[in-house]
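Below is the file entry.cif, which contains mmCIF, C-alpha atoms.
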```cif
data_run
loop_
_atom_site.label_atom_id
_atom_site.label_comp_id
_atom_site.auth_asym_id
_atom_site.auth_seq_id
_atom_site.Cartn_x
_atom_site.Cartn_y
_atom_site.Cartn_z
CA MET A 1431 33.38 -32.96 -46.64
CA LYS A 1432 30.23 -30.95 -46.11
CA ILE A 1433 29.23 -30.26 -42.46
CA THR A 1434 25.64 -29.23 -41.93
CA PHE A 1435 24.40 -26.83 -39.31
CA LYS A 1436 22.20 -29.57 -37.77
CA SER A 1437 25.14 -31.93 -37.29
CA VAL A 1438 27.19 -29.19 -35.58
CA ILE A 1439 24.30 -28.41 -33.18
CA ALA A 1440 23.78 -32.12 -32.46
CA THR A 1441 27.49 -32.58 -31.70
CA VAL A 1442 27.52 -29.57 -29.36
CA LEU A 1443 24.39 -30.78 -27.53
CA ILE A 1444 25.73 -34.31 -27.11
CA THR A 1445 29.09 -33.00 -25.86
CA PHE A 1446 27.37 -30.59 -23.47
CA GLY A 1447 25.02 -33.33 -22.22
CA LEU A 1448 27.90 -35.73 -21.57
CA GLY A 1449 29.73 -32.95 -19.71
CA ILE A 1450 26.76 -32.39 -17.43
CA VAL A 1451 26.38 -36.11 -16.73
CA ALA A 1452 30.10 -36.45 -15.99
CA HIS A 1453 30.04 -33.34 -13.80
CA GLY A 1454 26.99 -34.61 -11.90
CA GLN A 1455 28.72 -37.90 -11.14
CA THR A 1456 31.85 -36.29 -9.69
CA THR A 1457 30.28 -33.68 -7.40
CA LYS A 1458 28.10 -34.00 -4.36
CA PRO A 1459 24.45 -33.10 -4.76
CA ILE A 1460 23.40 -29.54 -4.06
CA LYS A 1461 21.18 -29.21 -1.01
CA LEU A 1462 19.36 -25.91 -0.49
CA GLY A 1463 17.85 -24.54 2.69
CA TYR A 1464 16.65 -21.25 4.05
CA THR A 1465 16.26 -19.40 7.29
CA SER A 1466 14.76 -16.16 8.51
CA VAL A 1467 17.39 -14.03 10.21
CA ASP A 1468 14.68 -11.65 11.48
CA TYR A 1469 12.72 -14.55 13.01
CA ILE A 1470 15.87 -15.75 14.76
CA LEU A 1471 16.86 -12.26 15.91
CA VAL A 1472 13.47 -11.53 17.47
CA GLN A 1473 13.62 -14.71 19.54
CA LEU A 1474 17.10 -14.15 20.93
CA PRO A 1475 17.29 -12.78 24.49
CA GLN A 1476 19.75 -10.12 23.30
CA SER A 1477 17.11 -8.57 21.04
CA LYS A 1478 15.11 -7.20 24.00
CA GLN A 1479 18.24 -5.63 25.49
CA ILE A 1480 19.20 -4.12 22.12
CA GLU A 1481 15.70 -2.76 21.63
CA SER A 1482 15.77 -1.26 25.11
CA GLU A 1483 19.16 0.39 24.53
CA LEU A 1484 18.02 1.79 21.19
CA LYS A 1485 14.83 3.23 22.71
CA ALA A 1486 16.82 4.88 25.52
CA TYR A 1487 19.30 6.34 23.03
CA GLU A 1488 16.48 7.57 20.81
CA ALA A 1489 14.76 9.18 23.82
CA GLN A 1490 18.01 10.94 24.73
CA LEU A 1491 18.40 12.32 21.20
CA SER A 1492 14.74 13.29 21.08
CA LYS A 1493 15.04 15.19 24.38
CA GLN A 1494 18.04 17.12 23.06
CA LEU A 1495 16.11 17.99 19.90
CA GLN A 1496 13.10 19.12 21.92
CA ASP A 1497 15.34 21.34 24.06
CA LYS A 1498 16.87 22.93 20.97
CA SER A 1499 13.44 23.43 19.39
CA LYS A 1500 12.13 25.01 22.60
CA GLU A 1501 15.11 27.38 22.63
CA LEU A 1502 14.30 28.39 19.04
CA GLN A 1503 10.63 28.93 19.87
CA ASP A 1504 11.49 31.05 22.91
CA LYS A 1505 13.98 33.19 20.98
CA TYR A 1506 11.54 33.62 18.11
CA ALA A 1507 8.74 34.64 20.50
CA ALA A 1508 11.09 37.18 22.15
CA TYR A 1509 12.09 38.45 18.72
CA GLN A 1510 8.46 38.90 17.66
CA LYS A 1511 7.63 40.65 20.92
CA GLY A 1512 10.43 43.22 20.62
CA GLU A 1513 10.70 43.43 16.82
CA ALA A 1514 8.80 46.73 16.55
CA LEU A 1515 11.19 48.46 18.96
CA MET A 1516 14.43 47.09 17.45
CA ALA A 1517 16.79 49.12 15.33
CA GLU A 1518 17.52 47.61 11.89
CA PRO A 1519 21.04 46.37 12.76
CA VAL A 1520 19.75 44.67 15.94
CA LYS A 1521 16.80 43.21 14.02
CA ALA A 1522 19.11 41.83 11.31
CA ASP A 1523 21.40 40.38 14.00
CA LYS A 1524 18.45 38.63 15.74
CA GLN A 1525 17.17 37.25 12.42
CA LYS A 1526 20.63 35.89 11.62
CA GLU A 1527 20.79 34.32 15.10
CA LEU A 1528 17.41 32.62 14.56
CA GLN A 1529 18.46 31.33 11.12
CA ASP A 1530 21.71 29.97 12.53
CA LEU A 1531 19.86 28.25 15.35
CA GLN A 1532 17.40 26.73 12.84
CA ALA A 1533 20.33 25.49 10.74
CA ARG A 1534 21.99 23.95 13.83
CA ILE A 1535 18.73 22.17 14.69
CA GLN A 1536 18.49 20.72 11.18
CA GLU A 1537 22.11 19.63 11.34
CA PHE A 1538 21.48 18.04 14.74
CA GLN A 1539 18.52 16.12 13.30
CA GLN A 1540 20.65 14.74 10.47
CA ASN A 1541 23.48 13.84 12.82
CA ALA A 1542 21.03 12.24 15.25
CA GLU A 1543 19.60 10.01 12.51
CA SER A 1544 23.08 8.98 11.44
CA SER A 1545 24.11 8.41 15.04
CA MET A 1546 21.00 6.28 15.65
CA GLN A 1547 21.80 4.11 12.62
CA LYS A 1548 25.42 3.67 13.76
CA LYS A 1549 24.28 2.75 17.27
CA GLN A 1550 21.83 0.20 15.89
CA GLN A 1551 24.50 -1.27 13.64
CA SER A 1552 27.05 -1.47 16.45
CA LEU A 1553 24.57 -3.27 18.70
CA LEU A 1554 23.29 -5.67 16.04
CA GLN A 1555 26.57 -6.54 14.31
CA PRO A 1556 27.82 -9.00 16.97
CA VAL A 1557 24.41 -10.69 17.08
CA TYR A 1558 24.29 -11.02 13.28
CA GLU A 1559 27.79 -12.51 13.34
CA LEU A 1560 26.67 -15.02 15.99
CA ILE A 1561 23.60 -15.94 13.91
CA GLN A 1562 25.74 -16.30 10.77
CA LYS A 1563 28.21 -18.55 12.58
CA ASN A 1564 25.41 -20.81 13.79
CA ILE A 1565 23.72 -20.91 10.38
CA LYS A 1566 27.02 -22.16 8.97
CA LEU A 1567 27.31 -24.80 11.71
CA VAL A 1568 23.76 -26.06 11.08
CA ALA A 1569 24.37 -26.09 7.31
CA ASP A 1570 27.60 -28.07 7.70
CA GLU A 1571 26.08 -30.53 10.18
CA ASN A 1572 23.07 -31.19 7.94
CA GLY A 1573 24.83 -31.26 4.56
CA TYR A 1574 23.38 -28.04 3.13
CA THR A 1575 25.32 -26.48 0.29
CA TYR A 1576 23.49 -23.14 0.24
CA ILE A 1577 21.34 -21.35 2.81
CA PHE A 1578 19.16 -18.43 1.71
CA ASN A 1579 17.44 -15.78 3.78
CA ALA A 1580 13.68 -16.35 3.66
CA ASP A 1581 13.13 -12.67 2.83
CA VAL A 1582 14.26 -13.29 -0.76
CA LEU A 1583 12.20 -16.43 -1.35
CA LEU A 1584 8.76 -16.36 -2.87
CA HIS A 1585 8.08 -20.01 -2.11
CA ALA A 1586 9.95 -22.82 -0.38
CA PRO A 1587 9.01 -26.06 1.37
CA GLU A 1588 8.77 -25.68 5.14
CA GLY A 1589 11.00 -28.76 5.53
CA ASP A 1590 13.96 -26.73 4.23
CA ASN A 1591 13.48 -23.97 6.83
CA LEU A 1592 16.45 -24.18 9.19
CA SER A 1593 15.46 -21.30 11.49
CA ASP A 1594 14.41 -23.52 14.39
CA LEU A 1595 17.58 -25.62 14.08
CA VAL A 1596 19.68 -22.45 14.23
CA LEU A 1597 17.76 -21.25 17.30
CA LYS A 1598 18.34 -24.60 19.00
CA LYS A 1599 22.05 -24.36 18.13
CA LEU A 1600 22.02 -20.93 19.82
CA GLY A 1601 20.43 -22.48 22.91
CA VAL A 1602 17.03 -20.86 22.37
CA THR A 1603 13.78 -22.80 22.36
CA PRO A 1604 11.83 -21.70 19.28
CA GLN A 1605 8.46 -20.11 19.94
CA PRO A 1606 5.53 -21.88 18.32
CA LYS A 1607 4.67 -20.40 14.98
CA THR A 1608 1.28 -18.78 14.89
CA THR A 1609 -0.71 -18.29 11.77
CA THR A 1610 -3.18 -15.49 11.49
CA THR A 1611 -6.07 -15.32 9.15
CA PRO A 1612 -7.64 -12.10 8.02
CA THR A 1613 -10.96 -11.34 9.68
CA ALA A 1614 -12.46 -9.84 6.57
CA PRO A 1615 -11.59 -10.35 2.93
CA ILE A 1616 -9.60 -7.64 1.30
CA THR A 1617 -11.56 -5.92 -1.43
CA THR A 1618 -10.64 -3.31 -3.93
CA PRO A 1619 -12.93 -0.38 -4.66
CA LYS A 1620 -14.94 -0.67 -7.83
CA ASN A 1621 -14.67 2.02 -10.44
CA LYS A 1622 -18.00 3.60 -11.17
#
```
Using structure tokens, write down the structure that the file contains.
Amino acid sequence: MKITFKSVIATVLITFGLGIVAHGQTTKPIKLGYTSVDYILVQLPQSKQIESELKAYEAQLSKQLQDKSKELQDKYAAYQKGEALMAEPVKADKQKELQDLQARIQEFQQNAESSMQKKQQSLLQPVYELIQKNIKLVADENGYTYIFNADVLLHAPEGDNLSDLVLKKLGVTPQPKTTTTPTAPITTPKNK
């Protein structure tokens, strides 16, 4: 018996099609929604407190950095002032001291950035967990199979935006959405 390529393809397509139909009849329909975690976060009362704590922490780190930089400037000015009168071993010692201080300042800057990120993460993590918990509750209550973050969507119907439902679940009255229009059209420069 001779089997042709076309008959094999037709058989595979029919089998695959029947599998999809059978699968579609046995599972519940997929319902997709989306939310903006940033939109929710900004409207939560905790966000102002977190922002305030982060600004205070940043100011503290910045003050320490300024103090260290001022110390370096003062020592460098003193070095320049007395450099002509210094013996070579003293001069080399002062230069090494200035280089070490500069290295400590750079290390402090790196550690401060890392510390700031850890502080931000430690303050935001419980809030993100609370938001995630409430997104799941809203999804379950409204029959959504998948919820996406709006940041990854290029287009979606506004009716599938669950952000306000999540805010209400969190006990927050959503702020009215404002739309802004550009005051002047954006133009690109013409090549001459």
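Coordinates place CA of Gln1473 (chain A) at a distance of 22.5 Å from CA of Glu1488 (chain A).
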Choose the residue, out of A:Lys1498, A:Asp1570, A:Val1467, A:Asp1581, that has the smallest atom-to-atom separation from Ala1533 (chain A); count all atoms listed in the file.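 Of A:Lys1498, A:Asp1570, A:Val1467, A:Asp1581, the one nearest Ala1533 (chain A) is A:Lys1498, counting all atoms listed in the file.
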When the PyMOL selection byres ((chain A and resi 1559-1563) around 8) is applied to the file above, which residues end up in the set, as an NGL selection string? :A and (1467 or 1470-1471 or 1555-1558 or 1564-1567 or 1596 or 1600)
Could you please determine the separation between CA of Leu1495 (chain A) and CA of Ser1544 (chain A) in Å, to one decimal place?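 Distance reported for this atom pair: 14.2 Å.
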To test your reading of the syntax: which residues would the PyMOL selection byres ((chain A and resi 1589-1593) around 7) return for the file shown? Reply as JSON, numbers by chain. {"A": [1463, 1464, 1465, 1466, 1470, 1587, 1588, 1594, 1595, 1596, 1597]}
So how far away is CA of Leu1531 (chain A) from CA of Asp1504 (chain A), in Å? 11.6 Å
My list of candidates is A:Gln1494, A:Phe1538, A:Lys1599, A:Glu1501. Which is closest to Glu1571 (chain A) when distances are computed with all atoms listed in the file?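 Counting all atoms listed in the file, the residue closest to Glu1571 (chain A) is A:Lys1599.
Using all atoms listed in the file, the shortest contact distance between Ser1492 (chain A) and any of A:Glu1543, A:Gln1510, A:His1585, A:Ile1577 is found at A:Glu1543.
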Given the point (14.1, 10.0, 16.3) in the file's coordinates, find the residues that have an atom at most 10 Å from it, counting all atoms listed in the file, and give them as a list in words.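 Residues satisfying the cut-off, written out: Lys1485, Tyr1487, Glu1488, Ala1489, Gln1490, Leu1491, Ser1492, Lys1493, Leu1495, Gln1539, Gln1540, Ala1542, Glu1543 and Met1546 of chain A.
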Can you list, as a PDB file with C-alpha atoms, in the frame of the given file, the residues that the PyMOL selection byres ((chain A and resi 1505) around 12) selects here?
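What ended up in selection.pdb:
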```
ATOM      1  CA  LYS A1498      16.870  22.930  20.970  1.00  0.00           C
ATOM      2  CA  SER A1499      13.440  23.430  19.390  1.00  0.00           C
ATOM      3  CA  LYS A1500      12.130  25.010  22.600  1.00  0.00           C
ATOM      4  CA  GLU A1501      15.110  27.380  22.630  1.00  0.00           C
ATOM      5  CA  LEU A1502      14.300  28.390  19.040  1.00  0.00           C
ATOM      6  CA  GLN A1503      10.630  28.930  19.870  1.00  0.00           C
ATOM      7  CA  ASP A1504      11.490  31.050  22.910  1.00  0.00           C
ATOM      8  CA  TYR A1506      11.540  33.620  18.110  1.00  0.00           C
ATOM      9  CA  ALA A1507       8.740  34.640  20.500  1.00  0.00           C
ATOM     10  CA  ALA A1508      11.090  37.180  22.150  1.00  0.00           C
ATOM     11  CA  TYR A1509      12.090  38.450  18.720  1.00  0.00           C
ATOM     12  CA  GLN A1510       8.460  38.900  17.660  1.00  0.00           C
ATOM     13  CA  LYS A1511       7.630  40.650  20.920  1.00  0.00           C
ATOM     14  CA  GLY A1512      10.430  43.220  20.620  1.00  0.00           C
ATOM     15  CA  GLU A1513      10.700  43.430  16.820  1.00  0.00           C
ATOM     16  CA  LYS A1524      18.450  38.630  15.740  1.00  0.00           C
ATOM     17  CA  GLN A1525      17.170  37.250  12.420  1.00  0.00           C
ATOM     18  CA  LYS A1526      20.630  35.890  11.620  1.00  0.00           C
ATOM     19  CA  GLU A1527      20.790  34.320  15.100  1.00  0.00           C
ATOM     20  CA  LEU A1528      17.410  32.620  14.560  1.00  0.00           C
ATOM     21  CA  GLN A1529      18.460  31.330  11.120  1.00  0.00           C
ATOM     22  CA  ASP A1530      21.710  29.970  12.530  1.00  0.00           C
ATOM     23  CA  LEU A1531      19.860  28.250  15.350  1.00  0.00           C
ATOM     24  CA  GLN A1532      17.400  26.730  12.840  1.00  0.00           C
TER      25      GLN A1532
END
```
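Nearest to Leu1474 (chain A) of all the residues A:Gly1601, A:Gly1573, A:Pro1606, A:Pro1519 is A:Gly1601, counting only C-alpha atoms.
Restricting the calculation to all atoms listed in the file, the smallest distance between Gln1551 (chain A) and any of A:Ile1535, A:Leu1484, A:Leu1583, A:Val1602 is found for A:Leu1484.
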Near Tyr1576 (chain A), counting all atoms listed in the file, which residues have an atom at most 8 Å away, once you skip same-chain residues fewer than 5 positions from it, shown as a ChimeraX atom specification? /A:1460-1463,1569
Starting from the incomplete input, reconstruct N, CA and C atoms of region 1533-1568 of chain A and write that as an mmCIF file, in the frame of the given file.
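Saved to selection_7.cif:
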```
data_model
loop_
_atom_site.group_PDB
_atom_site.id
_atom_site.type_symbol
_atom_site.label_atom_id
_atom_site.label_comp_id
_atom_site.auth_asym_id
_atom_site.auth_seq_id
_atom_site.Cartn_x
_atom_site.Cartn_y
_atom_site.Cartn_z
ATOM 1 N N ALA A 1533 19.378 26.312 11.495
ATOM 2 C CA ALA A 1533 20.330 25.490 10.740
ATOM 3 C C ALA A 1533 21.009 24.463 11.652
ATOM 4 N N ARG A 1534 21.356 24.873 12.875
ATOM 5 C CA ARG A 1534 21.990 23.950 13.830
ATOM 6 C C ARG A 1534 21.006 22.840 14.232
ATOM 7 N N ILE A 1535 19.740 23.183 14.351
ATOM 8 C CA ILE A 1535 18.730 22.170 14.690
ATOM 9 C C ILE A 1535 18.610 21.154 13.555
ATOM 10 N N GLN A 1536 18.569 21.628 12.326
ATOM 11 C CA GLN A 1536 18.490 20.720 11.180
ATOM 12 C C GLN A 1536 19.732 19.833 11.094
ATOM 13 N N GLU A 1537 20.881 20.404 11.344
ATOM 14 C CA GLU A 1537 22.110 19.630 11.340
ATOM 15 C C GLU A 1537 22.089 18.581 12.455
ATOM 16 N N PHE A 1538 21.588 18.982 13.627
ATOM 17 C CA PHE A 1538 21.480 18.040 14.740
ATOM 18 C C PHE A 1538 20.560 16.880 14.365
ATOM 19 N N GLN A 1539 19.437 17.183 13.704
ATOM 20 C CA GLN A 1539 18.520 16.120 13.300
ATOM 21 C C GLN A 1539 19.209 15.128 12.370
ATOM 22 N N GLN A 1540 19.937 15.625 11.397
ATOM 23 C CA GLN A 1540 20.650 14.740 10.470
ATOM 24 C C GLN A 1540 21.700 13.914 11.188
ATOM 25 N N ASN A 1541 22.450 14.558 12.059
ATOM 26 C CA ASN A 1541 23.480 13.840 12.820
ATOM 27 C C ASN A 1541 22.862 12.814 13.765
ATOM 28 N N ALA A 1542 21.709 13.162 14.339
ATOM 29 C CA ALA A 1542 21.030 12.240 15.250
ATOM 30 C C ALA A 1542 20.567 10.991 14.504
ATOM 31 N N GLU A 1543 20.027 11.170 13.304
ATOM 32 C CA GLU A 1543 19.600 10.010 12.510
ATOM 33 C C GLU A 1543 20.784 9.121 12.170
ATOM 34 N N SER A 1544 21.869 9.740 11.765
ATOM 35 C CA SER A 1544 23.080 8.980 11.440
ATOM 36 C C SER A 1544 23.620 8.273 12.679
ATOM 37 N N SER A 1545 23.620 8.972 13.790
ATOM 38 C CA SER A 1545 24.110 8.410 15.040
ATOM 39 C C SER A 1545 23.234 7.225 15.480
ATOM 40 N N MET A 1546 21.933 7.353 15.281
ATOM 41 C CA MET A 1546 21.000 6.280 15.650
ATOM 42 C C MET A 1546 21.271 5.033 14.789
ATOM 43 N N GLN A 1547 21.503 5.234 13.499
ATOM 44 C CA GLN A 1547 21.800 4.110 12.620
ATOM 45 C C GLN A 1547 23.119 3.431 13.013
ATOM 46 N N LYS A 1548 24.126 4.238 13.352
ATOM 47 C CA LYS A 1548 25.420 3.670 13.760
ATOM 48 C C LYS A 1548 25.283 2.894 15.067
ATOM 49 N N LYS A 1549 24.504 3.429 15.989
ATOM 50 C CA LYS A 1549 24.280 2.750 17.270
ATOM 51 C C LYS A 1549 23.593 1.410 17.039
ATOM 52 N N GLN A 1550 22.556 1.426 16.192
ATOM 53 C CA GLN A 1550 21.830 0.200 15.890
ATOM 54 C C GLN A 1550 22.768 -0.828 15.247
ATOM 55 N N GLN A 1551 23.562 -0.367 14.307
ATOM 56 C CA GLN A 1551 24.500 -1.270 13.640
ATOM 57 C C GLN A 1551 25.520 -1.835 14.617
ATOM 58 N N SER A 1552 26.039 -0.988 15.504
ATOM 59 C CA SER A 1552 27.050 -1.470 16.450
ATOM 60 C C SER A 1552 26.472 -2.482 17.430
ATOM 61 N N LEU A 1553 25.197 -2.321 17.780
ATOM 62 C CA LEU A 1553 24.570 -3.270 18.700
ATOM 63 C C LEU A 1553 24.186 -4.578 18.000
ATOM 64 N N LEU A 1554 23.760 -4.479 16.741
ATOM 65 C CA LEU A 1554 23.290 -5.670 16.040
ATOM 66 C C LEU A 1554 24.406 -6.478 15.378
ATOM 67 N N GLN A 1555 25.503 -5.852 15.037
ATOM 68 C CA GLN A 1555 26.570 -6.540 14.310
ATOM 69 C C GLN A 1555 27.063 -7.816 15.016
ATOM 70 N N PRO A 1556 27.364 -7.764 16.308
ATOM 71 C CA PRO A 1556 27.820 -9.000 16.970
ATOM 72 C C PRO A 1556 26.749 -10.100 16.967
ATOM 73 N N VAL A 1557 25.491 -9.698 17.070
ATOM 74 C CA VAL A 1557 24.410 -10.690 17.080
ATOM 75 C C VAL A 1557 24.269 -11.309 15.689
ATOM 76 N N TYR A 1558 24.352 -10.485 14.642
ATOM 77 C CA TYR A 1558 24.290 -11.020 13.280
ATOM 78 C C TYR A 1558 25.461 -11.963 13.011
ATOM 79 N N GLU A 1559 26.625 -11.631 13.520
ATOM 80 C CA GLU A 1559 27.790 -12.510 13.340
ATOM 81 C C GLU A 1559 27.568 -13.845 14.056
ATOM 82 N N LEU A 1560 26.984 -13.806 15.246
ATOM 83 C CA LEU A 1560 26.670 -15.020 15.990
ATOM 84 C C LEU A 1560 25.645 -15.869 15.223
ATOM 85 N N ILE A 1561 24.618 -15.229 14.695
ATOM 86 C CA ILE A 1561 23.600 -15.940 13.910
ATOM 87 C C ILE A 1561 24.253 -16.570 12.677
ATOM 88 N N GLN A 1562 25.074 -15.795 11.978
ATOM 89 C CA GLN A 1562 25.740 -16.300 10.770
ATOM 90 C C GLN A 1562 26.612 -17.513 11.089
ATOM 91 N N LYS A 1563 27.346 -17.440 12.175
ATOM 92 C CA LYS A 1563 28.210 -18.550 12.580
ATOM 93 C C LYS A 1563 27.384 -19.817 12.823
ATOM 94 N N ASN A 1564 26.251 -19.662 13.490
ATOM 95 C CA ASN A 1564 25.410 -20.810 13.790
ATOM 96 C C ASN A 1564 24.652 -21.326 12.568
ATOM 97 N N ILE A 1565 24.320 -20.450 11.635
ATOM 98 C CA ILE A 1565 23.720 -20.910 10.380
ATOM 99 C C ILE A 1565 24.728 -21.799 9.644
ATOM 100 N N LYS A 1566 25.983 -21.369 9.628
ATOM 101 C CA LYS A 1566 27.020 -22.160 8.970
ATOM 102 C C LYS A 1566 27.191 -23.519 9.652
ATOM 103 N N LEU A 1567 27.180 -23.527 10.980
ATOM 104 C CA LEU A 1567 27.310 -24.800 11.710
ATOM 105 C C LEU A 1567 26.157 -25.747 11.382
ATOM 106 N N VAL A 1568 24.932 -25.228 11.385
ATOM 107 C CA VAL A 1568 23.760 -26.060 11.080
ATOM 108 C C VAL A 1568 23.845 -26.553 9.632
#
```
